[in-house]
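Participant: My file is start-v5.pdb. It has PDB, C-alpha atoms, pLDDT in the B column:
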```
ATOM      1  CA  MET A 645      14.752 -17.267  -4.286  1.00 89.00           C
ATOM      2  CA  ARG A 646      17.318 -14.646  -5.254  1.00 91.00           C
ATOM      3  CA  SER A 647      15.519 -13.896  -8.527  1.00 94.00           C
ATOM      4  CA  PHE A 648      12.252 -13.388  -6.604  1.00 96.00           C
ATOM      5  CA  ILE A 649      14.031 -10.993  -4.236  1.00 95.00           C
ATOM      6  CA  ARG A 650      15.630  -9.081  -7.121  1.00 95.00           C
ATOM      7  CA  GLY A 651      12.338  -8.851  -9.045  1.00 97.00           C
ATOM      8  CA  VAL A 652      10.217  -7.699  -6.110  1.00 97.00           C
ATOM      9  CA  ASP A 653      12.862  -5.269  -4.903  1.00 96.00           C
ATOM     10  CA  ALA A 654      13.248  -3.775  -8.389  1.00 97.00           C
ATOM     11  CA  VAL A 655       9.495  -3.252  -8.849  1.00 97.00           C
ATOM     12  CA  ASN A 656       8.998  -1.763  -5.391  1.00 96.00           C
ATOM     13  CA  HIS A 657      12.083   0.438  -5.752  1.00 97.00           C
ATOM     14  CA  ARG A 658      10.764   1.947  -8.977  1.00 97.00           C
ATOM     15  CA  ILE A 659       7.218   2.405  -7.704  1.00 97.00           C
ATOM     16  CA  GLY A 660       8.487   3.837  -4.405  1.00 95.00           C
ATOM     17  CA  ARG A 661      10.717   6.341  -6.177  1.00 95.00           C
ATOM     18  CA  ILE A 662       7.737   7.495  -8.244  1.00 96.00           C
ATOM     19  CA  ALA A 663       5.338   7.508  -5.263  1.00 95.00           C
ATOM     20  CA  MET A 664       7.598   9.734  -3.223  1.00 94.00           C
ATOM     21  CA  TYR A 665       6.847  12.597  -5.626  1.00 95.00           C
ATOM     22  CA  GLY A 666       3.226  12.338  -4.516  1.00 94.00           C
ATOM     23  CA  ILE A 667       4.078  14.684  -1.668  1.00 95.00           C
ATOM     24  CA  PHE A 668       4.526  17.471  -4.221  1.00 97.00           C
ATOM     25  CA  VAL A 669       1.149  16.662  -5.762  1.00 96.00           C
ATOM     26  CA  LEU A 670      -0.347  16.817  -2.283  1.00 96.00           C
ATOM     27  CA  MET A 671       1.343  20.149  -1.603  1.00 96.00           C
ATOM     28  CA  GLY A 672      -0.002  21.523  -4.888  1.00 96.00           C
ATOM     29  CA  ILE A 673      -3.540  20.454  -4.051  1.00 95.00           C
ATOM     30  CA  LEU A 674      -3.345  21.970  -0.580  1.00 94.00           C
ATOM     31  CA  LEU A 675      -1.822  25.169  -1.981  1.00 95.00           C
ATOM     32  CA  TRP A 676      -4.664  25.447  -4.488  1.00 94.00           C
ATOM     33  CA  SER A 677      -7.134  24.821  -1.667  1.00 93.00           C
ATOM     34  CA  SER A 678      -5.669  27.716   0.322  1.00 93.00           C
ATOM     35  CA  ILE A 679      -5.619  30.034  -2.680  1.00 94.00           C
ATOM     36  CA  SER A 680      -9.158  29.181  -3.746  1.00 92.00           C
ATOM     37  CA  LYS A 681     -10.530  29.654  -0.237  1.00 89.00           C
ATOM     38  CA  THR A 682      -8.782  33.006   0.111  1.00 91.00           C
ATOM     39  CA  PHE A 683      -9.367  34.598  -3.276  1.00 92.00           C
ATOM     40  CA  PHE A 684     -12.139  32.619  -5.025  1.00 90.00           C
ATOM     41  CA  LEU A 685     -14.941  30.261  -4.189  1.00 87.00           C
ATOM     42  CA  PRO A 686     -13.662  27.260  -2.248  1.00 84.00           C
ATOM     43  CA  SER A 687     -13.053  24.183  -4.401  1.00 86.00           C
ATOM     44  CA  LEU A 688     -15.166  21.191  -3.434  1.00 87.00           C
ATOM     45  CA  TRP A 689     -12.654  18.622  -4.569  1.00 92.00           C
ATOM     46  CA  THR A 690      -9.474  19.682  -2.767  1.00 91.00           C
ATOM     47  CA  LEU A 691      -9.941  18.078   0.648  1.00 90.00           C
ATOM     48  CA  GLU A 692     -10.967  14.686  -0.664  1.00 93.00           C
ATOM     49  CA  MET A 693      -8.399  14.709  -3.449  1.00 95.00           C
ATOM     50  CA  ALA A 694      -5.703  15.522  -0.894  1.00 95.00           C
ATOM     51  CA  GLN A 695      -6.867  12.550   1.164  1.00 94.00           C
ATOM     52  CA  PHE A 696      -6.765  10.279  -1.904  1.00 96.00           C
ATOM     53  CA  VAL A 697      -3.270  11.445  -2.854  1.00 96.00           C
ATOM     54  CA  MET A 698      -2.100  10.916   0.720  1.00 96.00           C
ATOM     55  CA  VAL A 699      -3.469   7.362   0.696  1.00 95.00           C
ATOM     56  CA  GLY A 700      -1.653   6.637  -2.554  1.00 95.00           C
ATOM     57  CA  TYR A 701       1.543   8.232  -1.280  1.00 96.00           C
ATOM     58  CA  TYR A 702       1.462   6.287   1.970  1.00 94.00           C
ATOM     59  CA  ILE A 703       0.359   2.904   0.663  1.00 96.00           C
ATOM     60  CA  LEU A 704       2.466   2.833  -2.516  1.00 96.00           C
ATOM     61  CA  GLY A 705       5.479   4.131  -0.590  1.00 95.00           C
ATOM     62  CA  GLY A 706       5.125   1.495   2.132  1.00 94.00           C
ATOM     63  CA  PRO A 707       6.868  -1.338   0.273  1.00 95.00           C
ATOM     64  CA  TYR A 708       9.780   0.969  -0.576  1.00 95.00           C
ATOM     65  CA  SER A 709      10.007   1.979   3.079  1.00 94.00           C
ATOM     66  CA  ILE A 710      10.159  -1.665   4.137  1.00 92.00           C
ATOM     67  CA  GLN A 711      12.784  -2.375   1.485  1.00 93.00           C
ATOM     68  CA  MET A 712      14.978   0.516   2.607  1.00 91.00           C
ATOM     69  CA  GLY A 713      14.569  -0.414   6.281  1.00 84.00           C
ATOM     70  CA  SER A 714      13.265   3.052   7.035  1.00 83.00           C
ATOM     71  CA  ASN A 715      10.199   1.846   8.868  1.00 73.00           C
ATOM     72  CA  VAL A 716       9.967   2.629  12.569  1.00 71.00           C
ATOM     73  CA  ARG A 717      11.661   0.139  14.879  1.00 70.00           C
ATOM     74  CA  MET A 718      12.300   0.021  18.570  1.00 70.00           C
ATOM     75  CA  ASP A 719      16.074  -0.016  18.431  1.00 75.00           C
ATOM     76  CA  LEU A 720      16.633  -0.348  22.165  1.00 79.00           C
ATOM     77  CA  LEU A 721      17.927  -3.921  21.950  1.00 82.00           C
ATOM     78  CA  TYR A 722      17.858  -4.636  18.224  1.00 81.00           C
ATOM     79  CA  GLY A 723      20.780  -2.373  17.317  1.00 79.00           C
ATOM     80  CA  ASP A 724      23.301  -4.343  19.403  1.00 85.00           C
ATOM     81  CA  TRP A 725      22.267  -7.789  18.137  1.00 87.00           C
ATOM     82  CA  SER A 726      24.263  -9.913  15.735  1.00 88.00           C
ATOM     83  CA  ILE A 727      23.131 -10.343  12.132  1.00 87.00           C
ATOM     84  CA  GLN A 728      21.944 -13.889  12.912  1.00 89.00           C
ATOM     85  CA  ARG A 729      19.861 -12.791  15.883  1.00 91.00           C
ATOM     86  CA  LYS A 730      18.369  -9.899  13.917  1.00 88.00           C
ATOM     87  CA  ALA A 731      17.485 -12.325  11.115  1.00 90.00           C
ATOM     88  CA  TRP A 732      15.700 -14.670  13.559  1.00 93.00           C
ATOM     89  CA  PHE A 733      13.788 -11.796  15.101  1.00 91.00           C
ATOM     90  CA  ASP A 734      12.913 -10.300  11.701  1.00 89.00           C
ATOM     91  CA  LEU A 735      11.845 -13.725  10.443  1.00 92.00           C
ATOM     92  CA  LEU A 736       9.410 -14.030  13.324  1.00 93.00           C
ATOM     93  CA  THR A 737       8.033 -10.508  13.157  1.00 92.00           C
ATOM     94  CA  VAL A 738       7.635 -10.502   9.371  1.00 94.00           C
ATOM     95  CA  CYS A 739       5.316 -13.510   9.743  1.00 95.00           C
ATOM     96  CA  PHE A 740       2.993 -11.361  11.865  1.00 96.00           C
ATOM     97  CA  LEU A 741       3.217  -8.568   9.307  1.00 94.00           C
ATOM     98  CA  ILE A 742       2.407 -10.980   6.469  1.00 96.00           C
ATOM     99  CA  PHE A 743      -0.691 -12.165   8.331  1.00 97.00           C
ATOM    100  CA  TYR A 744      -1.759  -8.566   8.974  1.00 97.00           C
ATOM    101  CA  LEU A 745      -1.229  -7.621   5.330  1.00 97.00           C
ATOM    102  CA  CYS A 746      -3.291 -10.626   4.202  1.00 97.00           C
ATOM    103  CA  VAL A 747      -6.152  -9.384   6.376  1.00 97.00           C
ATOM    104  CA  LEU A 748      -5.759  -5.848   4.981  1.00 97.00           C
ATOM    105  CA  LEU A 749      -5.630  -7.192   1.416  1.00 97.00           C
ATOM    106  CA  TYR A 750      -8.821  -9.200   1.962  1.00 96.00           C
ATOM    107  CA  GLY A 751     -10.511  -6.097   3.358  1.00 95.00           C
ATOM    108  CA  ALA A 752      -9.315  -3.970   0.430  1.00 96.00           C
ATOM    109  CA  VAL A 753     -10.571  -6.527  -2.093  1.00 95.00           C
ATOM    110  CA  SER A 754     -13.936  -6.760  -0.316  1.00 95.00           C
ATOM    111  CA  SER A 755     -14.217  -2.988  -0.139  1.00 95.00           C
ATOM    112  CA  THR A 756     -13.312  -2.602  -3.810  1.00 94.00           C
ATOM    113  CA  ALA A 757     -15.867  -5.222  -4.813  1.00 93.00           C
ATOM    114  CA  TYR A 758     -18.459  -3.337  -2.789  1.00 93.00           C
ATOM    115  CA  GLY A 759     -17.349  -0.089  -4.436  1.00 93.00           C
ATOM    116  CA  LEU A 760     -17.992  -1.706  -7.829  1.00 92.00           C
ATOM    117  CA  GLY A 761     -21.503  -2.761  -6.838  1.00 89.00           C
ATOM    118  CA  TYR A 762     -20.960  -6.341  -5.629  1.00 89.00           C
ATOM    119  CA  TRP A 763     -22.800  -7.196  -2.405  1.00 86.00           C
ATOM    120  CA  LYS A 764     -22.341 -10.941  -2.118  1.00 88.00           C
ATOM    121  CA  THR A 765     -19.703 -13.023  -0.338  1.00 87.00           C
ATOM    122  CA  GLU A 766     -17.057 -13.858  -2.992  1.00 91.00           C
ATOM    123  CA  PRO A 767     -15.126 -10.621  -3.642  1.00 92.00           C
ATOM    124  CA  PHE A 768     -12.020 -12.279  -5.130  1.00 91.00           C
ATOM    125  CA  SER A 769     -13.940 -14.236  -7.747  1.00 91.00           C
ATOM    126  CA  TYR A 770     -16.019 -11.160  -8.540  1.00 92.00           C
ATOM    127  CA  LEU A 771     -12.966  -8.945  -9.115  1.00 92.00           C
ATOM    128  CA  LEU A 772     -11.352 -11.665 -11.218  1.00 91.00           C
ATOM    129  CA  GLY A 773     -14.578 -11.810 -13.215  1.00 91.00           C
ATOM    130  CA  VAL A 774     -14.563  -8.031 -13.674  1.00 91.00           C
ATOM    131  CA  ILE A 775     -10.977  -8.203 -14.957  1.00 91.00           C
ATOM    132  CA  THR A 776     -11.721 -11.089 -17.357  1.00 92.00           C
ATOM    133  CA  GLY A 777     -15.081  -9.662 -18.442  1.00 88.00           C
ATOM    134  CA  SER A 778     -17.329 -12.407 -17.105  1.00 88.00           C
ATOM    135  CA  GLU A 779     -18.799 -10.199 -14.353  1.00 87.00           C
ATOM    136  CA  GLU A 780     -20.557  -6.883 -14.716  1.00 88.00           C
ATOM    137  CA  ILE A 781     -20.021  -3.773 -12.669  1.00 89.00           C
ATOM    138  CA  GLY A 782     -23.026  -2.816 -10.584  1.00 89.00           C
ATOM    139  CA  ARG A 783     -23.985   0.493  -9.035  1.00 89.00           C
ATOM    140  CA  LEU A 784     -20.722   2.300  -8.319  1.00 92.00           C
ATOM    141  CA  GLU A 785     -20.127   3.588  -4.805  1.00 93.00           C
ATOM    142  CA  ARG A 786     -19.609   7.318  -4.463  1.00 92.00           C
ATOM    143  CA  SER A 787     -18.398   9.424  -1.590  1.00 91.00           C
ATOM    144  CA  SER A 788     -21.026  11.148   0.505  1.00 89.00           C
ATOM    145  CA  SER A 789     -19.330  14.538   0.168  1.00 88.00           C
ATOM    146  CA  ALA A 790     -20.497  17.418  -2.017  1.00 87.00           C
ATOM    147  CA  TRP A 791     -17.932  16.479  -4.681  1.00 89.00           C
ATOM    148  CA  ARG A 792     -19.126  12.823  -4.770  1.00 91.00           C
ATOM    149  CA  PRO A 793     -16.139  11.098  -6.431  1.00 93.00           C
ATOM    150  CA  TYR A 794     -16.221   7.416  -7.252  1.00 94.00           C
ATOM    151  CA  MET A 795     -14.493   5.368  -4.579  1.00 94.00           C
ATOM    152  CA  TRP A 796     -13.219   2.424  -6.628  1.00 93.00           C
ATOM    153  CA  PRO A 797     -10.020   4.087  -7.964  1.00 95.00           C
ATOM    154  CA  ILE A 798      -8.542   4.717  -4.523  1.00 96.00           C
ATOM    155  CA  LYS A 799      -9.643   1.259  -3.413  1.00 95.00           C
ATOM    156  CA  VAL A 800      -7.775  -0.270  -6.358  1.00 95.00           C
ATOM    157  CA  VAL A 801      -4.693   1.704  -5.280  1.00 96.00           C
ATOM    158  CA  MET A 802      -5.115   0.153  -1.829  1.00 96.00           C
ATOM    159  CA  ILE A 803      -5.218  -3.366  -3.327  1.00 97.00           C
ATOM    160  CA  VAL A 804      -2.092  -2.720  -5.380  1.00 97.00           C
ATOM    161  CA  GLY A 805      -0.263  -1.164  -2.434  1.00 97.00           C
ATOM    162  CA  PHE A 806      -1.139  -3.938   0.010  1.00 97.00           C
ATOM    163  CA  PHE A 807      -0.206  -6.575  -2.568  1.00 97.00           C
ATOM    164  CA  LEU A 808       3.154  -4.920  -3.227  1.00 98.00           C
ATOM    165  CA  MET A 809       3.729  -4.594   0.513  1.00 97.00           C
ATOM    166  CA  LEU A 810       2.938  -8.289   0.937  1.00 97.00           C
ATOM    167  CA  LEU A 811       5.402  -9.169  -1.831  1.00 97.00           C
ATOM    168  CA  GLN A 812       8.049  -6.979  -0.199  1.00 97.00           C
ATOM    169  CA  CYS A 813       7.491  -8.717   3.128  1.00 96.00           C
ATOM    170  CA  LEU A 814       7.917 -12.083   1.413  1.00 97.00           C
ATOM    171  CA  SER A 815      11.127 -10.738  -0.111  1.00 97.00           C
ATOM    172  CA  GLU A 816      12.326  -9.671   3.337  1.00 95.00           C
ATOM    173  CA  PHE A 817      11.396 -13.119   4.657  1.00 95.00           C
ATOM    174  CA  CYS A 818      13.542 -14.708   1.936  1.00 95.00           C
ATOM    175  CA  LYS A 819      16.407 -12.331   2.751  1.00 94.00           C
ATOM    176  CA  ASP A 820      16.231 -13.360   6.405  1.00 93.00           C
ATOM    177  CA  VAL A 821      16.307 -17.034   5.437  1.00 94.00           C
ATOM    178  CA  LEU A 822      19.410 -16.393   3.327  1.00 93.00           C
ATOM    179  CA  ARG A 823      21.013 -14.477   6.210  1.00 91.00           C
ATOM    180  CA  LEU A 824      20.350 -17.417   8.536  1.00 92.00           C
ATOM    181  CA  LYS A 825      22.051 -19.688   6.018  1.00 92.00           C
ATOM    182  CA  GLY A 826      25.063 -17.366   6.219  1.00 87.00           C
ATOM    183  CA  GLU A 827      24.745 -16.081   2.655  1.00 87.00           C
ATOM    184  CA  GLU A 828      25.487 -12.526   1.603  1.00 83.00           C
ATOM    185  CA  ILE A 829      22.572 -10.494   0.234  1.00 78.00           C
TER     186      ILE A 829
END
```
What would you get if you wrote out this structure as structure tokens?
Facilitator:
Amino acid sequence: MRSFIRGVDAVNHRIGRIAMYGIFVLMGILLWSSISKTFFLPSLWTLEMAQFVMVGYYILGGPYSIQMGSNVRMDLLYGDWSIQRKAWFDLLTVCFLIFYLCVLLYGAVSSTAYGLGYWKTEPFSYLLGVITGSEEIGRLERSSSAWRPYMWPIKVVMIVGFFLMLLQCLSEFCKDVLRLKGEEI
């Protein structure tokens, strides 16, 4: 269990540290948008690209936020509790979060499969088939904006982010179990 915690925490720490620089990419895109609207013809791609970068920043930074404990909590009662009581409460609430992330992951996989041109009912097997080469990509979904970017890249980022967030929640679950056993983490 400790090796799982160390592995997941290490991966999410590295990805989170890289993802946090996405805010500078976002600032650069928005700066270019302002400059191009003021001095040149407005760029078609800036608004949607800023949205895509923000999604990546938020979703890939989420697991790191959970790991660091910097997510928002109602600390009215929680702050005064003992470590054991916090662990019990966190163990319960992380189960709800795991369920929610499973639903989000299923939705992201379904949406990505749709974005790759799959319109049937087995998105997981389709995406596995695309990865292994046994399935073909259909008509790719594009945005309805004037820029019309393909949607599958940001949807893949969503799958990766939700999966990493799910792994981080499982790591936090394991940490709470170890805390309840009285072990140091």
Participant: Starting from the shown file, work through the PyMOL selection byres ((chain A and resi 805) around 12) and note down what comes out as a compact mmCIF listing (two decimals) with C-alpha atoms, in the coordinates of the input.
Facilitator:
```txt
# COMPACT_ATOMS: atom_id res chain seq x y z
CA VAL A 655 9.49 -3.25 -8.85
CA ASN A 656 9.00 -1.76 -5.39
CA ILE A 659 7.22 2.40 -7.70
CA GLY A 660 8.49 3.84 -4.40
CA ALA A 663 5.34 7.51 -5.26
CA VAL A 699 -3.47 7.36 0.70
CA GLY A 700 -1.65 6.64 -2.55
CA TYR A 701 1.54 8.23 -1.28
CA TYR A 702 1.46 6.29 1.97
CA ILE A 703 0.36 2.90 0.66
CA LEU A 704 2.47 2.83 -2.52
CA GLY A 705 5.48 4.13 -0.59
CA GLY A 706 5.12 1.50 2.13
CA PRO A 707 6.87 -1.34 0.27
CA TYR A 708 9.78 0.97 -0.58
CA LEU A 745 -1.23 -7.62 5.33
CA CYS A 746 -3.29 -10.63 4.20
CA LEU A 748 -5.76 -5.85 4.98
CA LEU A 749 -5.63 -7.19 1.42
CA ALA A 752 -9.32 -3.97 0.43
CA VAL A 753 -10.57 -6.53 -2.09
CA ILE A 798 -8.54 4.72 -4.52
CA LYS A 799 -9.64 1.26 -3.41
CA VAL A 800 -7.78 -0.27 -6.36
CA VAL A 801 -4.69 1.70 -5.28
CA MET A 802 -5.12 0.15 -1.83
CA ILE A 803 -5.22 -3.37 -3.33
CA VAL A 804 -2.09 -2.72 -5.38
CA PHE A 806 -1.14 -3.94 0.01
CA PHE A 807 -0.21 -6.58 -2.57
CA LEU A 808 3.15 -4.92 -3.23
CA MET A 809 3.73 -4.59 0.51
CA LEU A 810 2.94 -8.29 0.94
CA LEU A 811 5.40 -9.17 -1.83
CA GLN A 812 8.05 -6.98 -0.20
```
Participant: Can you list, as a compact mmCIF listing (two decimals) with C-alpha atoms, in the coordinates of the input, the residues that the PyMOL selection byres ((chain A and resi 821-829) around 9) selects here?
Facilitator:
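Written file, result.txt:
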```
# COMPACT_ATOMS: atom_id res chain seq x y z
CA MET A 645 14.75 -17.27 -4.29
CA ARG A 646 17.32 -14.65 -5.25
CA ILE A 727 23.13 -10.34 12.13
CA GLN A 728 21.94 -13.89 12.91
CA ARG A 729 19.86 -12.79 15.88
CA ALA A 731 17.48 -12.32 11.12
CA TRP A 732 15.70 -14.67 13.56
CA LEU A 735 11.84 -13.72 10.44
CA GLU A 816 12.33 -9.67 3.34
CA PHE A 817 11.40 -13.12 4.66
CA CYS A 818 13.54 -14.71 1.94
CA LYS A 819 16.41 -12.33 2.75
CA ASP A 820 16.23 -13.36 6.40
```
Participant: So for stretch 791-794 of chain A, what box centre and size do we get, axis-aligned, 8 Å extra on each of the six sides, every listed atom, Å to one decimal, as AutoDock Vina command-line options?
Facilitator:
```
--center_x -17.6 --center_y 11.9 --center_z -6.0 --size_x 19.0 --size_y 25.1 --size_z 18.6
```
Participant: Identify, on the basis of all atoms listed in the file, every residue whose closest approach to A:Val774 does not exceed 12 Å; exclude the query and any residue fewer than 4 positions from it along the same chain; express the result as an MDAnalysis selection string.
Facilitator: chainID A and resid 756:757 760:762 767:770 778:782
Participant: Find the residues around A:Met693 up to 12 Å (all atoms listed in the file counted), leave out those fewer than 3 positions away in its own chain, and share them as a PyMOL selection string.
Facilitator: chain A and resi 666+669-674+676-677+687-690+696-700+787+789+791-795+797-798
Participant: Between atom CA of A:Val652 and atom CA of A:Val716, what is the spacing in Å?
Facilitator: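 So the two atoms, atom CA of A:Val716 and atom CA of A:Val652, lie 21.3 Å apart.
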Participant: Report, in Å with one decimal, the straight-line distance from atom CA of A:His657 to atom CA of A:Asn715.
Facilitator: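 Atom CA of A:Asn715 lies 14.8 Å from atom CA of A:His657.
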Participant: Nearest residue to A:Glu692 out of A:Ser680, A:Thr737, A:Ser788, A:Gln711, using all atoms listed in the file?
Facilitator: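 Distance minimum relative to A:Glu692 lands on A:Ser788.
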Participant: Mind pulling up the distance from atom CA of A:Thr776 to atom CA of A:Trp796?
Facilitator: 17.3 Å
Participant: Which is closest to A:Ser755 among A:Asp724, A:Asp719, A:Asp653, A:Glu785, if we use all atoms listed in the file?
Facilitator: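 Under the stated criterion, the closest residue is A:Glu785.
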